[in-house]
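query01.cif (mmCIF, C-alpha atoms) appears below.
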data_protein
#
loop_
_atom_site.label_atom_id
_atom_site.label_comp_id
_atom_site.auth_asym_id
_atom_site.auth_seq_id
_atom_site.Cartn_x
_atom_site.Cartn_y
_atom_site.Cartn_z
CA MET A 217 0.00 0.00 0.00
CA ALA A 218 1.25 3.46 -0.85
CA ARG A 219 0.27 7.06 -1.30
CA ILE A 220 1.32 8.60 -4.58
CA THR A 221 1.99 12.33 -4.85
CA THR A 222 -0.24 13.86 -7.52
CA HIS A 223 0.25 16.80 -9.86
CA ASP A 224 -1.31 19.16 -7.30
CA HIS A 225 0.75 17.71 -4.44
CA ARG A 226 -2.01 15.65 -2.85
CA LYS A 227 -1.61 12.05 -1.67
CA LEU A 228 -3.62 9.44 -3.61
CA TYR A 229 -4.11 6.07 -1.93
CA VAL A 230 -2.96 3.05 -3.95
CA ARG A 231 -3.33 -0.61 -3.01
CA GLU A 232 -0.75 -3.13 -4.31
CA ILE A 233 -0.93 -6.90 -4.48
CA GLY A 234 1.00 -9.63 -6.30
CA ARG A 235 4.21 -9.91 -8.26
CA GLY A 236 5.09 -9.85 -11.92
CA PRO A 237 4.26 -7.43 -14.73
CA VAL A 238 2.43 -4.33 -13.49
CA VAL A 239 -1.31 -4.07 -14.18
CA VAL A 240 -3.10 -0.88 -13.10
CA LEU A 241 -6.87 -1.28 -12.61
CA VAL A 242 -9.14 1.75 -12.15
CA HIS A 243 -12.52 1.37 -10.42
CA GLY A 244 -15.83 3.00 -11.32
CA PHE A 245 -18.15 5.52 -9.66
CA GLY A 246 -19.30 4.38 -6.22
CA MET A 247 -16.53 1.77 -6.06
CA ASP A 248 -12.99 1.66 -4.68
CA SER A 249 -9.89 -0.51 -4.92
CA LEU A 250 -11.31 -3.13 -2.54
CA HIS A 251 -13.81 -4.24 -5.18
CA TRP A 252 -10.98 -5.60 -7.31
CA LEU A 253 -9.50 -7.86 -4.62
CA PRO A 254 -11.64 -11.01 -5.14
CA LEU A 255 -10.87 -10.81 -8.85
CA VAL A 256 -7.12 -10.22 -8.69
CA LEU A 257 -6.22 -12.52 -5.80
CA PRO A 258 -6.37 -15.67 -7.99
CA LEU A 259 -3.88 -14.01 -10.38
CA ALA A 260 -1.60 -12.35 -7.83
CA HIS A 261 1.11 -14.93 -8.51
CA ARG A 262 1.27 -13.75 -12.13
CA TYR A 263 0.84 -9.97 -11.97
CA ARG A 264 1.62 -7.04 -9.72
CA PHE A 265 -1.76 -5.34 -9.45
CA VAL A 266 -1.82 -1.61 -8.70
CA LEU A 267 -5.26 -0.45 -7.56
CA PRO A 268 -5.72 3.29 -6.94
CA ASP A 269 -8.62 4.82 -5.05
CA LEU A 270 -9.90 7.70 -7.18
CA ARG A 271 -10.58 11.03 -5.53
CA GLY A 272 -13.88 10.96 -3.68
CA PHE A 273 -13.80 7.19 -3.10
CA GLY A 274 -12.23 4.66 -0.76
CA ARG A 275 -9.24 5.95 1.16
CA SER A 276 -9.01 8.92 -1.19
CA SER A 277 -12.59 9.93 -0.37
CA ARG A 278 -11.66 13.23 1.23
CA LEU A 279 -9.81 14.48 -1.85
CA SER A 280 -11.75 16.80 -4.16
CA CYS A 281 -11.03 16.72 -7.87
CA SER A 282 -8.36 19.19 -8.92
CA GLU A 283 -10.55 20.59 -11.71
CA ASP A 284 -14.21 20.57 -12.70
CA CYS A 285 -13.49 18.10 -15.49
CA VAL A 286 -13.35 15.02 -13.28
CA ALA A 287 -12.02 12.82 -16.09
CA SER A 288 -9.03 15.14 -16.53
CA SER A 289 -8.41 15.27 -12.78
CA HIS A 290 -8.45 11.48 -12.49
CA ALA A 291 -6.35 11.11 -15.65
CA ARG A 292 -3.62 13.34 -14.21
CA ASP A 293 -3.64 11.23 -11.05
CA LEU A 294 -3.44 8.09 -13.18
CA HIS A 295 -0.46 9.59 -14.99
CA ALA A 296 1.31 10.00 -11.63
CA VAL A 297 0.52 6.37 -10.73
CA ILE A 298 1.79 5.04 -14.08
CA GLN A 299 4.93 7.16 -13.88
CA HIS A 300 5.63 5.71 -10.44
CA TYR A 301 4.96 2.06 -11.25
CA GLY A 302 5.99 2.03 -14.91
CA GLN A 303 9.63 2.90 -14.51
CA ASP A 304 10.70 -0.56 -15.68
CA GLY A 305 8.49 -0.65 -18.77
CA ALA A 306 4.95 -0.33 -20.10
CA VAL A 307 2.10 -1.36 -17.83
CA GLY A 308 -1.17 -3.12 -18.37
CA LEU A 309 -4.09 -0.74 -17.87
CA GLY A 310 -7.73 -1.51 -17.22
CA GLY A 311 -10.79 0.44 -16.17
CA ILE A 312 -14.49 -0.10 -15.59
CA SER A 313 -17.10 2.61 -16.18
CA LEU A 314 -15.67 5.86 -14.75
CA GLY A 315 -12.31 4.09 -14.57
CA ALA A 316 -12.49 3.40 -18.31
CA THR A 317 -13.33 7.05 -19.02
CA THR A 318 -10.33 7.96 -16.89
CA ALA A 319 -8.08 5.62 -18.88
CA LEU A 320 -9.26 7.02 -22.22
CA ARG A 321 -8.75 10.59 -21.00
CA TYR A 322 -5.27 9.62 -19.78
CA MET A 323 -4.34 8.29 -23.22
CA GLU A 324 -5.86 11.38 -24.84
CA LEU A 325 -3.74 13.68 -22.66
CA PHE A 326 -0.52 11.70 -22.33
CA GLY A 327 -0.51 9.13 -25.14
CA ALA A 328 -0.42 5.36 -24.86
CA ASP A 329 3.33 4.70 -25.00
CA ALA A 330 3.35 3.64 -21.35
CA VAL A 331 0.50 1.12 -21.89
CA ARG A 332 1.21 -2.37 -23.24
CA HIS A 333 -2.42 -3.55 -23.25
CA TYR A 334 -5.68 -1.84 -22.38
CA LEU A 335 -8.75 -3.53 -20.85
CA HIS A 336 -11.97 -1.51 -21.29
CA ILE A 337 -14.97 -2.64 -19.23
CA ASP A 338 -18.54 -1.52 -20.02
CA GLN A 339 -18.15 2.15 -20.84
CA ALA A 340 -19.35 3.99 -23.94
CA PRO A 341 -16.74 5.92 -25.94
CA ARG A 342 -19.18 8.85 -25.79
CA VAL A 343 -20.87 9.40 -22.44
CA SER A 344 -23.45 11.97 -23.51
CA HIS A 345 -26.20 11.66 -26.11
CA GLY A 346 -26.46 13.31 -29.51
CA PRO A 347 -28.24 13.08 -32.87
CA ASP A 348 -25.71 10.45 -33.99
CA TRP A 349 -25.26 8.71 -30.64
CA SER A 350 -28.03 7.01 -28.65
CA TRP A 351 -25.82 4.72 -26.55
CA GLY A 352 -24.67 7.18 -23.90
CA LEU A 353 -25.35 7.11 -20.16
CA PHE A 354 -28.56 5.17 -19.33
CA GLY A 355 -29.24 4.52 -23.03
CA GLU A 356 -32.46 5.91 -24.43
CA GLU A 357 -33.59 6.98 -20.95
CA GLY A 358 -30.42 9.02 -20.40
CA PRO A 359 -31.62 12.53 -21.23
CA GLU A 360 -34.67 12.15 -18.98
CA HIS A 361 -32.58 10.81 -16.08
CA ILE A 362 -30.15 13.70 -16.36
CA ARG A 363 -33.05 16.18 -16.54
CA ARG A 364 -34.21 14.86 -13.16
CA TRP A 365 -30.78 15.62 -11.69
CA GLN A 366 -31.07 19.34 -12.42
CA PRO A 367 -32.76 20.51 -9.17
CA THR A 368 -30.15 18.65 -7.13
CA LEU A 369 -27.31 20.04 -9.24
CA GLU A 370 -28.67 23.56 -8.83
CA PHE A 371 -28.91 23.14 -5.06
CA PHE A 372 -25.33 21.89 -4.73
CA THR A 373 -24.05 24.57 -7.12
CA ASN A 374 -25.32 27.23 -4.71
CA ALA A 375 -24.29 25.43 -1.53
CA ASP A 376 -21.22 26.28 0.50
CA ARG A 377 -18.72 23.54 -0.33
CA ASN A 378 -17.56 23.56 3.29
CA SER A 379 -21.05 22.67 4.55
CA ARG A 380 -21.69 19.28 6.09
CA PHE A 381 -24.01 17.04 4.11
CA GLU A 382 -26.08 16.27 7.21
CA ASP A 383 -26.81 19.98 7.64
CA PHE A 384 -28.58 20.24 4.28
CA PRO A 385 -32.42 20.29 4.28
CA ALA A 386 -33.92 16.82 4.59
CA PRO A 387 -35.74 17.00 1.21
CA GLU A 388 -32.44 17.73 -0.56
CA ARG A 389 -30.69 14.85 1.18
CA GLU A 390 -33.55 12.49 0.39
CA ARG A 391 -33.56 13.53 -3.26
CA PHE A 392 -29.81 12.97 -3.47
CA TYR A 393 -30.16 9.46 -2.02
CA ASP A 394 -32.99 8.77 -4.45
CA HIS A 395 -30.67 9.68 -7.34
CA LEU A 396 -28.00 7.47 -5.80
CA GLY A 397 -30.37 4.50 -5.55
CA SER A 398 -31.51 4.96 -9.14
CA PHE A 399 -27.91 5.16 -10.34
CA LEU A 400 -26.84 2.05 -8.46
CA SER A 401 -29.89 0.06 -9.59
CA LYS A 402 -29.02 0.83 -13.22
CA ALA A 403 -25.52 -0.51 -12.62
CA LEU A 404 -26.89 -3.82 -11.33
CA SER A 405 -28.62 -6.49 -13.40
CA ARG A 406 -30.23 -8.90 -10.93
CA ARG A 407 -33.70 -8.01 -9.68
CA TRP A 408 -32.87 -8.59 -6.02
CA MET A 409 -29.77 -6.40 -6.38
CA LYS A 410 -31.81 -3.59 -7.95
CA TRP A 411 -34.41 -3.84 -5.20
CA GLY A 412 -31.70 -3.77 -2.54
CA ALA A 413 -29.96 -0.74 -4.07
CA ARG A 414 -33.19 1.27 -4.14
CA ARG A 415 -34.23 0.31 -0.61
CA LEU A 416 -30.84 0.59 1.07
CA SER A 417 -30.08 3.96 -0.52
CA ARG A 418 -33.08 5.34 1.39
CA VAL A 419 -31.49 4.41 4.72
CA PRO A 420 -28.91 7.19 5.27
CA ALA A 421 -26.62 5.17 7.52
CA ILE A 422 -26.41 2.37 4.95
CA ALA A 423 -26.30 4.68 1.95
CA HIS A 424 -23.35 6.43 3.57
CA GLN A 425 -21.51 3.11 3.62
CA LEU A 426 -22.30 2.48 -0.06
CA VAL A 427 -21.06 5.91 -1.17
CA PRO A 428 -19.61 8.07 1.65
CA VAL A 429 -20.92 11.64 1.53
CA ASP A 430 -18.35 13.18 3.89
CA ASN A 431 -16.92 14.81 0.79
CA TRP A 432 -20.24 15.49 -0.95
CA TYR A 433 -18.63 18.14 -3.11
CA THR A 434 -16.58 15.58 -5.03
CA LEU A 435 -19.68 13.48 -5.71
CA PHE A 436 -21.37 16.64 -6.95
CA GLN A 437 -18.39 17.29 -9.25
CA HIS A 438 -18.96 13.87 -10.82
CA LEU A 439 -22.71 14.29 -11.29
CA ARG A 440 -22.22 17.72 -12.82
CA ALA A 441 -19.54 16.44 -15.19
CA TYR A 442 -21.79 13.61 -16.40
CA ALA A 443 -24.66 16.05 -16.89
CA GLU A 444 -22.80 18.93 -18.51
CA ARG A 445 -19.66 17.67 -20.25
CA ASP A 446 -19.58 15.97 -23.61
CA TYR A 447 -17.04 13.21 -23.07
CA ASP A 448 -16.54 11.93 -26.61
CA PHE A 449 -13.47 9.79 -27.28
CA ARG A 450 -14.45 8.59 -30.75
CA PRO A 451 -11.88 10.83 -32.49
CA LEU A 452 -9.17 9.35 -30.26
CA LEU A 453 -9.90 5.70 -30.97
CA PRO A 454 -8.52 5.35 -34.54
CA THR A 455 -5.21 6.81 -33.33
CA LEU A 456 -4.71 4.29 -30.52
CA GLN A 457 -2.25 1.57 -31.46
CA VAL A 458 -2.32 -0.16 -28.07
CA PRO A 459 -3.90 -3.65 -28.16
CA THR A 460 -7.30 -3.44 -26.47
CA THR A 461 -9.78 -5.87 -24.96
CA ILE A 462 -13.36 -4.57 -24.64
CA ILE A 463 -15.64 -6.36 -22.19
CA THR A 464 -19.31 -5.42 -22.23
CA GLY A 465 -22.48 -6.84 -20.71
CA ARG A 466 -25.25 -7.64 -23.15
CA ARG A 467 -27.81 -6.59 -20.51
CA SER A 468 -26.12 -3.35 -19.46
CA GLU A 469 -28.63 -0.60 -18.67
CA MET A 470 -25.88 1.91 -17.92
CA TYR A 471 -24.24 1.82 -21.36
CA PRO A 472 -25.90 -0.22 -24.13
CA TRP A 473 -23.57 -2.77 -25.68
CA GLN A 474 -24.04 -1.33 -29.18
CA GLY A 475 -21.91 1.68 -28.26
CA GLN A 476 -18.98 -0.53 -27.35
CA ALA A 477 -19.44 -2.53 -30.52
CA LYS A 478 -18.96 0.76 -32.38
CA MET A 479 -15.86 1.37 -30.29
CA HIS A 480 -14.52 -2.01 -31.39
CA GLU A 481 -15.01 -0.96 -35.03
CA LEU A 482 -13.08 2.29 -34.50
CA LEU A 483 -10.06 0.79 -32.73
CA PRO A 484 -7.24 -0.51 -34.95
CA ASP A 485 -6.35 -3.45 -32.68
CA SER A 486 -9.19 -4.59 -30.44
CA ARG A 487 -11.11 -7.65 -29.33
CA LEU A 488 -14.75 -7.46 -28.22
CA VAL A 489 -15.79 -9.89 -25.48
CA MET A 490 -19.54 -10.08 -24.86
CA PHE A 491 -20.77 -11.25 -21.46
CA GLU A 492 -24.23 -12.47 -22.37
CA ASP A 493 -25.52 -12.85 -18.81
CA SER A 494 -24.13 -9.58 -17.45
CA GLY A 495 -25.21 -6.01 -17.05
CA HIS A 496 -22.94 -3.06 -16.36
CA MET A 497 -20.95 -5.05 -13.78
CA PRO A 498 -19.54 -8.20 -15.40
CA ILE A 499 -17.06 -8.33 -12.52
CA LEU A 500 -20.04 -9.01 -10.26
CA ASP A 501 -22.38 -10.90 -12.59
CA GLN A 502 -19.85 -13.37 -14.04
CA PRO A 503 -16.74 -13.16 -11.84
CA VAL A 504 -15.20 -16.52 -12.78
CA ARG A 505 -15.32 -15.75 -16.48
CA PHE A 506 -14.06 -12.24 -15.79
CA ILE A 507 -10.97 -13.59 -14.00
CA ARG A 508 -10.21 -15.75 -17.05
CA GLU A 509 -10.59 -12.78 -19.39
CA LEU A 510 -8.47 -10.60 -17.10
CA ASN A 511 -5.67 -13.16 -17.31
CA ARG A 512 -6.10 -13.48 -21.07
CA ALA A 513 -5.98 -9.71 -21.56
CA PHE A 514 -2.68 -9.21 -19.78
CA GLY A 515 -1.04 -12.60 -20.33
CA GLU A 516 2.04 -13.27 -22.39
CA GLY A 517 1.54 -12.33 -26.00
CA ALA A 518 -1.44 -10.07 -25.19
#
Starting from the coordinates I provided, produce the structure as structure tokens.
Amino acid sequence: MARITTHDHRKLYVREIGRGPVVVLVHGFGMDSLHWLPLVLPLAHRYRFVLPDLRGFGRSSRLSCSEDCVASSHARDLHAVIQHYGQDGAVGLGGISLGATTALRYMELFGADAVRHYLHIDQAPRVSHGPDWSWGLFGEEGPEHIRRWQPTLEFFTNADRNSRFEDFPAPERERFYDHLGSFLSKALSRRWMKWGARRLSRVPAIAHQLVPVDNWYTLFQHLRAYAERDYDFRPLLPTLQVPTTIITGRRSEMYPWQGQAKMHELLPDSRLVMFEDSGHMPILDQPVRFIRELNRAFGEGA
């Protein structure tokens, strides 16, 4: 375990496990490095896994993003991590959801010379929607979901960032937790998981454990970025020469699989792996298969 100094001189928490070639894995929104452990432990004899906690999550939860563009903030932190652990050669890089957006933004800003293979897990190459793109966040329902966020975004925009979350009016806190439950339920594919996410997110003490709100401002930064920024990496894809594995869930409600199929078409050297019985979280829905694909992605000759 280590803390890596970032571009703005903050300390980012990084978990390390295993030995062998370095593989950096970046978690998604509402997750942290702990979620990778059951998946990497079976392969720890083959790889040295480097698992950062992004700002706002895990043991980096008290760090706010260094800029309003959260993808750029995380990408600069990822650059610091790769510089630290990639001194002996190119690293394997993987990301799920927000972590995949972070990885693409990193390669957009810094190039892919330090990456030997990239693993992209259930994330559209364009997050927002447009006339030529209907596979952004939440699929066809995306624009309506984001429209519902607007009152909450307006409240947090006008709030004092030093305020405590528990001091906000109860209706605002309840509405935030409702958004959280809806978001988490979209990420999950099993009915009982969806039910649990919606119910548990309405119990503040439990919801706080799912996604800590001590640093509510960073969570707000993420919601605002998803709602207002047009993250579109399609122009980047044809320029990427790094071998890429794309894993997507056929049943994903967060990002429809068709968007990642288009990504596969745009990348010069990619392999599309469809998890037929998975939603947005193949690491949860089909963990045994995911471990095999993780090993295949970063194994010799990958």
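Of the listed residues (A:Pro254, A:Lys410, A:Gln437, A:Ala375), A:Lys410 comes nearest to Gly397 (chain A); the distances count all atoms listed in the file.
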Between CA of Gly234 (chain A) and CA of Arg264 (chain A), what distance in Å does the model show, to one decimal?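 Pair CA of Gly234 (chain A) / CA of Arg264 (chain A) returns 4.3 Å.
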Could you tell me how far CA of Trp432 (chain A) sits from CA of Glu370 (chain A), in Å to one decimal place? 14.1 Å
Proximity of region 221-280 of chain A to region 493-505 of chain A: per-residue shortest pair, 12 Å limit, only C-alpha atoms, as JSON lines:
{"residue": "A:His243", "atom": "CA", "partner": "A:Ile499", "partner_atom": "CA", "distance": 10.9}
{"residue": "A:Gly244", "atom": "CA", "partner": "A:Met497", "partner_atom": "CA", "distance": 9.9}
{"residue": "A:Phe245", "atom": "CA", "partner": "A:Met497", "partner_atom": "CA", "distance": 11.7}
{"residue": "A:Met247", "atom": "CA", "partner": "A:Met497", "partner_atom": "CA", "distance": 11.2}
{"residue": "A:His251", "atom": "CA", "partner": "A:Ile499", "partner_atom": "CA", "distance": 9.0}
{"residue": "A:Trp252", "atom": "CA", "partner": "A:Ile499", "partner_atom": "CA", "distance": 8.5}
{"residue": "A:Leu253", "atom": "CA", "partner": "A:Ile499", "partner_atom": "CA", "distance": 10.9}
{"residue": "A:Pro254", "atom": "CA", "partner": "A:Pro503", "partner_atom": "CA", "distance": 8.7}
{"residue": "A:Leu255", "atom": "CA", "partner": "A:Pro503", "partner_atom": "CA", "distance": 7.0}
{"residue": "A:Val256", "atom": "CA", "partner": "A:Pro503", "partner_atom": "CA", "distance": 10.5}
{"residue": "A:Pro258", "atom": "CA", "partner": "A:Val504", "partner_atom": "CA", "distance": 10.1}
{"residue": "A:Leu259", "atom": "CA", "partner": "A:Val504", "partner_atom": "CA", "distance": 11.8}
For the residues in the current selection, export C-alpha atoms as a CSV table (one decimal), keeping the file's coordinate frame.
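Final output, selection-v1.csv:
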chain,number,residue,atom,x,y,z
A,243,HIS,CA,-12.5,1.4,-10.4
A,244,GLY,CA,-15.8,3.0,-11.3
A,245,PHE,CA,-18.2,5.5,-9.7
A,247,MET,CA,-16.5,1.8,-6.1
A,251,HIS,CA,-13.8,-4.2,-5.2
A,252,TRP,CA,-11.0,-5.6,-7.3
A,253,LEU,CA,-9.5,-7.9,-4.6
A,254,PRO,CA,-11.6,-11.0,-5.1
A,255,LEU,CA,-10.9,-10.8,-8.8
A,256,VAL,CA,-7.1,-10.2,-8.7
A,258,PRO,CA,-6.4,-15.7,-8.0
A,259,LEU,CA,-3.9,-14.0,-10.4
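For the choices A:Ala513, A:Phe326, A:Gly246, A:Leu228, the atom-to-atom distance to Leu309 (chain A) is smallest for A:Ala513 when using all atoms listed in the file.
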With only C-alpha atoms as the basis for distance, which of A:His223, A:His333, A:His480, A:His261 is at the shortest distance from Leu294 (chain A)?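 The closest residue to Leu294 (chain A) is A:His223.
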Best match for closeness to Gln457 (chain A) among A:Arg332, A:Arg512, A:Arg342, A:Arg391, counting all atoms listed in the file: A:Arg332
Here's the selection I'm unsure about, the PyMOL selection byres ((chain A and resi 447-453) around 7); applied to the file above, which residues does it give, as a PyMOL selection string? chain A and resi 324+341-344+445-446+454-456+482-483
I need the residue set behind the PyMOL selection byres ((chain A and resi 335) around 12) for this file; please write it as a ChimeraX atom specification. /A:239-242,307-313,315-317,319-320,331-334,336-339,458-464,486-489,506,509-515,518
Write the residues of the selection above to a file with C-alpha atoms, as a short mmCIF file (atom, residue, chain, number, x, y, z; two decimals), in the frame of the given file.
data_model
loop_
_atom_site.label_atom_id
_atom_site.label_comp_id
_atom_site.auth_asym_id
_atom_site.auth_seq_id
_atom_site.Cartn_x
_atom_site.Cartn_y
_atom_site.Cartn_z
CA VAL A 239 -1.31 -4.07 -14.18
CA VAL A 240 -3.10 -0.88 -13.10
CA LEU A 241 -6.87 -1.28 -12.61
CA VAL A 242 -9.14 1.75 -12.15
CA VAL A 307 2.10 -1.36 -17.83
CA GLY A 308 -1.17 -3.12 -18.37
CA LEU A 309 -4.09 -0.74 -17.87
CA GLY A 310 -7.73 -1.51 -17.22
CA GLY A 311 -10.79 0.44 -16.17
CA ILE A 312 -14.49 -0.10 -15.59
CA SER A 313 -17.10 2.61 -16.18
CA GLY A 315 -12.31 4.09 -14.57
CA ALA A 316 -12.49 3.40 -18.31
CA THR A 317 -13.33 7.05 -19.02
CA ALA A 319 -8.08 5.62 -18.88
CA LEU A 320 -9.26 7.02 -22.22
CA VAL A 331 0.50 1.12 -21.89
CA ARG A 332 1.21 -2.37 -23.24
CA HIS A 333 -2.42 -3.55 -23.25
CA TYR A 334 -5.68 -1.84 -22.38
CA HIS A 336 -11.97 -1.51 -21.29
CA ILE A 337 -14.97 -2.64 -19.23
CA ASP A 338 -18.54 -1.52 -20.02
CA GLN A 339 -18.15 2.15 -20.84
CA VAL A 458 -2.32 -0.16 -28.07
CA PRO A 459 -3.90 -3.65 -28.16
CA THR A 460 -7.30 -3.44 -26.47
CA THR A 461 -9.78 -5.87 -24.96
CA ILE A 462 -13.36 -4.57 -24.64
CA ILE A 463 -15.64 -6.36 -22.19
CA THR A 464 -19.31 -5.42 -22.23
CA SER A 486 -9.19 -4.59 -30.44
CA ARG A 487 -11.11 -7.65 -29.33
CA LEU A 488 -14.75 -7.46 -28.22
CA VAL A 489 -15.79 -9.89 -25.48
CA PHE A 506 -14.06 -12.24 -15.79
CA GLU A 509 -10.59 -12.78 -19.39
CA LEU A 510 -8.47 -10.60 -17.10
CA ASN A 511 -5.67 -13.16 -17.31
CA ARG A 512 -6.10 -13.48 -21.07
CA ALA A 513 -5.98 -9.71 -21.56
CA PHE A 514 -2.68 -9.21 -19.78
CA GLY A 515 -1.04 -12.60 -20.33
CA ALA A 518 -1.44 -10.07 -25.19
#
I'd like to know which of A:Tyr301, A:Phe372, A:Leu314, A:Gly346 is closest to Tyr433 (chain A), using only C-alpha atoms.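 Closest to Tyr433 (chain A) of all the choices is A:Phe372.
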Result set of the PyMOL selection byres ((chain A and resi 227) around 12) on the coordinates above, as a list in words: Ala218, Arg219, Ile220, Thr221, Thr222, His223, Asp224, His225, Arg226, Leu228, Tyr229, Val230, Pro268, Asp269, Leu270, Arg271, Arg275, Ser276, Ser277, Arg278, Leu279, Ser280, Asp293, Ala296 and Val297 of chain A
